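Scroll down for the structure; my scribbles are underneath it.
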Amino acid sequence: MTPDSLATGAATAYGGFGLHVRGGTGDRLGDHRVTGRPEASGLEIESYRPYAHGDDLRHLDWSALARLDVLVTRRFTAEREQPVHLLVDASASMAAPARDDKLGVARELAMALAWMALATHDPVRTARLGAALGPAVRRPADARRIAAQLCALAPEGAVALDDALAAHAARHREPATVFVLSDCMAEPDAIESGLRALRARRSAVVLLHVLGAGELDPARDFAHGVLADVESGATHPIVLTPDVRSRYDALLADHLTAVEAAARRHDVPYARLVTGTPVSDFVTGPLARLGLVRRR
């Protein structure tokens, strides 16, 4: 997929949608209304307070003065931008099983999220998980720049999710909305440690788990032979007998449950995308049901 086709596809599929993630708003003015932080000007009245010297007289509530003989000023709901960080796992495991192309699916999903953020003029920055963020992109017209960054990602090496997320939190102390797109090939405790570090910075975090269809059904591609870990190089001969398959299914189910539970403990929305499922169905289905995506 080329940057042009990736950006154009997102614009066509998600032009009427926007992100809706609680928290993670920045300090700059934007399109997102943030309750609980009333300020002196705005569009929507949130509260009132007694008049103080220096308050803008245009915001005096004259009806309250007439009825109660009390000077009060209107306070308005704050409106802020929501910086979006897209952290895409591009470790070697994202290329296995090869026919599932987990990285390609993550790439397409990241572009969908980027487009929906740009539609509300929020700054979007993208990075390979474990690397520094790219420059901020703010306009839908510049979506191809994000697409080019995503298309440049190639699966290689290994990444420690806990260290990578903790490093990101240390580099970016300002709140943001952080989407983590990964196959979560790590111990649940390590994933939880990384999520905890991000949440400690008051960032809103969403964990999107890209799972290969062949990981759910290893018999699709494999009956016996030598398994090779694409990241460590370790090998292990195996025959996929019914007993081995049963143990594999149980271990996988336990892992998925543990990852989801780790996210839940830190109030991190979690959704799982199995390769072969159209990304558009995932965006308008599970993500919409979580309240993360809405029609504009």
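A note on labels: chains of the structure tokens are A, B, ... as shown, every chain counts residues from 1, and ligands are counted from 1 in their shown order.
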Q: Mind checking which residues fall within 9 Å of range 184-201 of chain A, counting only C-alpha atoms, ignoring those fewer than 3 positions away in the same chain, and posting them as a PyMOL selection string?
A: chain A and resi 89+93+160-170+172-176+178+181+204-205+207-211+255-256+258-263+265-268
Q: Can you check which residues of range 170-250 of chain A DSSP gives as helix (DSSP H, G or I) on the backbone and send them as a ChimeraX atom specification?
A: /A:170-171,188-200,213-216,218-220,242-250
Same residues, C-alpha atoms, saved as a PDB file, in the first residue's frame:
```pdb
ATOM      1  CA  ALA A 170       9.328  10.134  30.378  1.00  0.00           C
ATOM      2  CA  ARG A 171       9.900  12.025  27.115  1.00  0.00           C
ATOM      3  CA  PRO A 188       1.086  -9.109  30.829  1.00  0.00           C
ATOM      4  CA  ASP A 189       3.024  -7.694  33.790  1.00  0.00           C
ATOM      5  CA  ALA A 190       5.338  -5.866  31.398  1.00  0.00           C
ATOM      6  CA  ILE A 191       2.410  -4.485  29.423  1.00  0.00           C
ATOM      7  CA  GLU A 192       0.776  -3.327  32.651  1.00  0.00           C
ATOM      8  CA  SER A 193       3.972  -1.604  33.757  1.00  0.00           C
ATOM      9  CA  GLY A 194       4.070   0.395  30.535  1.00  0.00           C
ATOM     10  CA  LEU A 195       0.403   1.350  30.743  1.00  0.00           C
ATOM     11  CA  ARG A 196       0.908   2.467  34.338  1.00  0.00           C
ATOM     12  CA  ALA A 197       3.750   4.772  33.297  1.00  0.00           C
ATOM     13  CA  LEU A 198       1.617   6.423  30.614  1.00  0.00           C
ATOM     14  CA  ARG A 199      -1.359   6.880  32.906  1.00  0.00           C
ATOM     15  CA  ALA A 200       0.877   8.458  35.552  1.00  0.00           C
ATOM     16  CA  ALA A 213      -5.773 -15.237  12.544  1.00  0.00           C
ATOM     17  CA  GLY A 214      -3.047 -17.881  12.357  1.00  0.00           C
ATOM     18  CA  GLU A 215      -2.289 -17.318  16.038  1.00  0.00           C
ATOM     19  CA  LEU A 216      -5.870 -18.218  16.868  1.00  0.00           C
ATOM     20  CA  PRO A 218      -2.136 -22.495  14.276  1.00  0.00           C
ATOM     21  CA  ALA A 219      -3.316 -25.582  12.373  1.00  0.00           C
ATOM     22  CA  ARG A 220      -4.084 -23.292   9.435  1.00  0.00           C
ATOM     23  CA  PRO A 242      -4.554 -32.591  19.859  1.00  0.00           C
ATOM     24  CA  ASP A 243      -2.998 -32.380  23.314  1.00  0.00           C
ATOM     25  CA  VAL A 244      -0.479 -29.728  22.259  1.00  0.00           C
ATOM     26  CA  ARG A 245      -3.221 -27.757  20.498  1.00  0.00           C
ATOM     27  CA  SER A 246      -5.379 -27.904  23.621  1.00  0.00           C
ATOM     28  CA  ARG A 247      -2.565 -26.588  25.796  1.00  0.00           C
ATOM     29  CA  TYR A 248      -1.786 -23.867  23.253  1.00  0.00           C
ATOM     30  CA  ASP A 249      -5.417 -22.707  23.176  1.00  0.00           C
ATOM     31  CA  ALA A 250      -5.539 -22.584  26.983  1.00  0.00           C
TER      32      ALA A 250
END
```
Q: Pick out the residues sitting within 9 Å of Val21 in chain A, and hand them over as a PyMOL selection string; count only C-alpha atoms, and ignore anything fewer than 2 positions along from it in its own chain.
A: chain A and resi 19+23-24+82+177+204-206+291-293
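When CA of Thr120 in chain A is paired with CA of Ala90 in chain A, their separation reads 27.4 Å.
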Q | Long-range neighbours of Met1 in chain A as a PyMOL selection string, 12 Å cut-off, only C-alpha atoms, 6 positions minimum in chain | A | chain A and resi 7-9+103-105+107-108+111+147-148+150-153
